[in-house]
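Step one of this worksheet: look at the structure below.
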Amino acid sequence: MKKRLLSLALALTLVMLMGQLPATVRAEEESAHDHTGWTAVTMGDAYIKLGEEEQTSNTLPAGNYYLDGDLTVALTVTGGRSACV
């Protein structure tokens with residue numbers, strides 16, 4: 001009986017480990033993601049910050065942006081913008 005329980009526990013452990021493999025592979029791919037030429041969007045004191053400069057509104061001008069943290073405001077996005085979220 002003990003051998004059967006041990007075999008079952010080992011089989012369940014292997015299934016759980018195999019289920020984690022794809023998530024690990026995806027995480028490595030995401031960490032290698034490059035934002036060269038894109039502008040970071042972060043939360044400032046009152047409005048969003050583009051790079052290090054806090055804006056006077058929460059409107060994104062034309063450009064390429066990526067989120068570099070949580071935003072706690074509504075963004076106004078119109079026209080030609082690209083976002084990596």
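Within each chain, counting starts at residue 1; across the structure tokens, chains are named A, B, ... in the order shown, with ligands numbered 1 upward in that order.
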**Message:** I need the residues in range 24-78 of chain A that are helix (DSSP H, G or I) according to DSSP; give them as number ranges by chain.
**Reply:** A: 24-31
Store the residues picked out above, limited to C-alpha atoms, as a PDB file, in the first residue's frame.
ATOM      1  CA  THR A  24       8.767  29.312 -17.082  1.00  0.00           C
ATOM      2  CA  VAL A  25       9.607  29.410 -20.775  1.00  0.00           C
ATOM      3  CA  ARG A  26       7.200  32.321 -21.358  1.00  0.00           C
ATOM      4  CA  ALA A  27       8.657  34.248 -18.417  1.00  0.00           C
ATOM      5  CA  GLU A  28      12.160  34.000 -19.901  1.00  0.00           C
ATOM      6  CA  GLU A  29      10.898  35.303 -23.241  1.00  0.00           C
ATOM      7  CA  GLU A  30       9.178  38.272 -21.588  1.00  0.00           C
ATOM      8  CA  SER A  31      12.262  39.253 -19.587  1.00  0.00           C
TER       9      SER A  31
END
Considering only C-alpha atoms, return as a compact mmCIF listing (two decimals) with all heavy atoms, in the first residue's frame whatever protein or nucleic-acid residues lie within 8 Å of Trp38 in chain A, sequence-local ones (same chain, fewer than 5 positions apart) excluded.
# COMPACT_ATOMS: atom_id res chain seq x y z
N GLY A 63 3.13 58.55 -30.61
CA GLY A 63 4.39 57.92 -30.24
C GLY A 63 4.21 56.46 -29.88
O GLY A 63 3.12 55.89 -30.02
N ASN A 64 5.29 55.85 -29.41
CA ASN A 64 5.31 54.45 -28.98
C ASN A 64 5.56 54.42 -27.47
O ASN A 64 6.54 55.00 -26.98
CB ASN A 64 6.42 53.68 -29.70
CG ASN A 64 6.20 53.64 -31.18
OD1 ASN A 64 5.09 53.47 -31.65
ND2 ASN A 64 7.27 53.79 -31.94
N TYR A 65 4.71 53.71 -26.74
CA TYR A 65 4.75 53.72 -25.29
C TYR A 65 4.69 52.32 -24.71
O TYR A 65 4.11 51.42 -25.31
CB TYR A 65 3.58 54.53 -24.72
CG TYR A 65 3.54 55.94 -25.24
CD1 TYR A 65 2.72 56.30 -26.30
CD2 TYR A 65 4.36 56.91 -24.67
CE1 TYR A 65 2.72 57.59 -26.78
CE2 TYR A 65 4.35 58.21 -25.14
CZ TYR A 65 3.53 58.54 -26.21
OH TYR A 65 3.53 59.82 -26.69
N TYR A 66 5.29 52.16 -23.52
CA TYR A 66 5.11 50.94 -22.75
C TYR A 66 4.84 51.31 -21.29
O TYR A 66 5.31 52.33 -20.80
CB TYR A 66 6.33 50.02 -22.86
CG TYR A 66 7.59 50.53 -22.20
CD1 TYR A 66 7.92 50.14 -20.91
CD2 TYR A 66 8.46 51.38 -22.87
CE1 TYR A 66 9.06 50.60 -20.29
CE2 TYR A 66 9.62 51.84 -22.27
CZ TYR A 66 9.92 51.44 -20.98
OH TYR A 66 11.06 51.90 -20.38
**Members of chain A assigned strand (DSSP E) by DSSP, as a PyMOL selection string** = chain A and resi 39-43+48-50+53-54+63-67+81-84
Please write the residues from the selection above to a file, keeping all heavy atoms, as a compact mmCIF listing (two decimals), in the first residue's frame.
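Wrote it out as result39.txt, contents follow:
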# COMPACT_ATOMS: atom_id res chain seq x y z
N THR A 39 8.76 54.95 -25.19
CA THR A 39 8.75 55.82 -24.02
C THR A 39 7.99 55.16 -22.88
O THR A 39 6.88 54.66 -23.08
CB THR A 39 8.08 57.17 -24.37
OG1 THR A 39 8.78 57.76 -25.47
CG2 THR A 39 8.11 58.12 -23.18
N ALA A 40 8.57 55.20 -21.69
CA ALA A 40 7.92 54.62 -20.51
C ALA A 40 6.78 55.52 -20.05
O ALA A 40 6.91 56.73 -20.02
CB ALA A 40 8.93 54.46 -19.38
N VAL A 41 5.64 54.90 -19.70
CA VAL A 41 4.51 55.62 -19.12
C VAL A 41 4.38 55.14 -17.68
O VAL A 41 4.21 53.96 -17.41
CB VAL A 41 3.19 55.34 -19.88
CG1 VAL A 41 2.03 56.06 -19.23
CG2 VAL A 41 3.32 55.71 -21.34
N THR A 42 4.49 56.08 -16.74
CA THR A 42 4.35 55.78 -15.32
C THR A 42 3.40 56.78 -14.69
O THR A 42 2.96 57.73 -15.34
CB THR A 42 5.72 55.85 -14.60
OG1 THR A 42 6.28 57.13 -14.81
CG2 THR A 42 6.68 54.79 -15.10
N MET A 43 3.09 56.57 -13.44
CA MET A 43 2.19 57.47 -12.72
C MET A 43 3.00 58.55 -12.03
O MET A 43 3.95 58.26 -11.31
CB MET A 43 1.38 56.67 -11.70
CG MET A 43 0.24 57.41 -11.09
SD MET A 43 -1.00 57.79 -12.32
CE MET A 43 -1.52 59.38 -11.74
N ILE A 48 0.08 61.49 -15.67
CA ILE A 48 1.03 60.48 -16.12
C ILE A 48 2.39 61.12 -16.39
O ILE A 48 2.49 62.31 -16.63
CB ILE A 48 0.54 59.75 -17.39
CG1 ILE A 48 0.33 60.75 -18.53
CG2 ILE A 48 -0.69 58.92 -17.10
CD1 ILE A 48 0.06 60.08 -19.88
N LYS A 49 3.43 60.29 -16.32
CA LYS A 49 4.77 60.72 -16.68
C LYS A 49 5.17 59.99 -17.95
O LYS A 49 4.97 58.78 -18.06
CB LYS A 49 5.76 60.39 -15.56
CG LYS A 49 5.61 61.25 -14.33
CD LYS A 49 6.46 60.77 -13.17
CE LYS A 49 7.92 60.84 -13.44
NZ LYS A 49 8.73 60.50 -12.25
N LEU A 50 5.71 60.71 -18.90
CA LEU A 50 6.28 60.13 -20.10
C LEU A 50 7.79 60.25 -19.97
O LEU A 50 8.32 61.35 -19.98
CB LEU A 50 5.78 60.84 -21.36
CG LEU A 50 4.27 60.82 -21.56
CD1 LEU A 50 3.88 61.56 -22.82
CD2 LEU A 50 3.73 59.40 -21.58
N GLU A 53 9.32 63.04 -17.41
CA GLU A 53 8.59 64.31 -17.42
C GLU A 53 7.10 64.11 -17.13
O GLU A 53 6.39 63.44 -17.88
CB GLU A 53 8.75 64.99 -18.78
CG GLU A 53 8.14 66.36 -18.85
CD GLU A 53 8.37 67.01 -20.22
OE1 GLU A 53 9.35 66.66 -20.88
OE2 GLU A 53 7.54 67.83 -20.60
N GLU A 54 6.61 64.73 -16.04
CA GLU A 54 5.18 64.65 -15.73
C GLU A 54 4.40 65.56 -16.69
O GLU A 54 4.81 66.68 -16.96
CB GLU A 54 4.89 65.04 -14.29
CG GLU A 54 3.44 64.82 -13.92
CD GLU A 54 3.20 64.76 -12.42
OE1 GLU A 54 4.15 64.80 -11.64
OE2 GLU A 54 2.01 64.66 -12.05
N GLY A 63 3.13 58.55 -30.61
CA GLY A 63 4.39 57.92 -30.24
C GLY A 63 4.21 56.46 -29.88
O GLY A 63 3.12 55.89 -30.02
N ASN A 64 5.29 55.85 -29.41
CA ASN A 64 5.31 54.45 -28.98
C ASN A 64 5.56 54.42 -27.47
O ASN A 64 6.54 55.00 -26.98
CB ASN A 64 6.42 53.68 -29.70
CG ASN A 64 6.20 53.64 -31.18
OD1 ASN A 64 5.09 53.47 -31.65
ND2 ASN A 64 7.27 53.79 -31.94
N TYR A 65 4.71 53.71 -26.74
CA TYR A 65 4.75 53.72 -25.29
C TYR A 65 4.69 52.32 -24.71
O TYR A 65 4.11 51.42 -25.31
CB TYR A 65 3.58 54.53 -24.72
CG TYR A 65 3.54 55.94 -25.24
CD1 TYR A 65 2.72 56.30 -26.30
CD2 TYR A 65 4.36 56.91 -24.67
CE1 TYR A 65 2.72 57.59 -26.78
CE2 TYR A 65 4.35 58.21 -25.14
CZ TYR A 65 3.53 58.54 -26.21
OH TYR A 65 3.53 59.82 -26.69
N TYR A 66 5.29 52.16 -23.52
CA TYR A 66 5.11 50.94 -22.75
C TYR A 66 4.84 51.31 -21.29
O TYR A 66 5.31 52.33 -20.80
CB TYR A 66 6.33 50.02 -22.86
CG TYR A 66 7.59 50.53 -22.20
CD1 TYR A 66 7.92 50.14 -20.91
CD2 TYR A 66 8.46 51.38 -22.87
CE1 TYR A 66 9.06 50.60 -20.29
CE2 TYR A 66 9.62 51.84 -22.27
CZ TYR A 66 9.92 51.44 -20.98
OH TYR A 66 11.06 51.90 -20.38
N LEU A 67 4.02 50.49 -20.63
CA LEU A 67 3.69 50.74 -19.23
C LEU A 67 4.85 50.26 -18.37
O LEU A 67 5.32 49.15 -18.51
CB LEU A 67 2.42 50.00 -18.83
CG LEU A 67 1.14 50.54 -19.42
CD1 LEU A 67 -0.04 49.68 -18.98
CD2 LEU A 67 0.92 51.99 -19.07
N ARG A 81 -0.92 55.87 -32.01
CA ARG A 81 -0.10 55.48 -30.88
C ARG A 81 0.06 53.99 -30.90
O ARG A 81 -0.80 53.25 -31.31
CB ARG A 81 -0.75 55.85 -29.54
CG ARG A 81 -0.50 57.27 -29.10
CD ARG A 81 -1.64 58.02 -29.52
NE ARG A 81 -1.64 59.45 -29.24
CZ ARG A 81 -2.15 60.26 -30.13
NH1 ARG A 81 -2.53 59.82 -31.29
NH2 ARG A 81 -2.24 61.53 -29.86
N SER A 82 1.21 53.53 -30.40
CA SER A 82 1.44 52.10 -30.18
C SER A 82 1.71 51.91 -28.70
O SER A 82 2.39 52.74 -28.09
CB SER A 82 2.64 51.62 -30.99
OG SER A 82 2.42 51.78 -32.36
N ALA A 83 1.17 50.86 -28.14
CA ALA A 83 1.37 50.59 -26.70
C ALA A 83 1.77 49.15 -26.49
O ALA A 83 1.23 48.24 -27.11
CB ALA A 83 0.10 50.89 -25.93
N CYS A 84 2.73 48.94 -25.62
CA CYS A 84 3.16 47.62 -25.21
C CYS A 84 2.74 47.47 -23.76
O CYS A 84 3.32 48.10 -22.88
CB CYS A 84 4.68 47.49 -25.36
SG CYS A 84 5.32 45.89 -24.85
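The nearest approach to Ser57 in chain A among the residues A:Thr76, A:Thr36, A:Ser7, A:Thr13, with only C-alpha atoms taken into account, belongs to A:Thr76.
Note that the spacing between CA of His35 in chain A and CA of Thr56 in chain A amounts to 24.3 Å.
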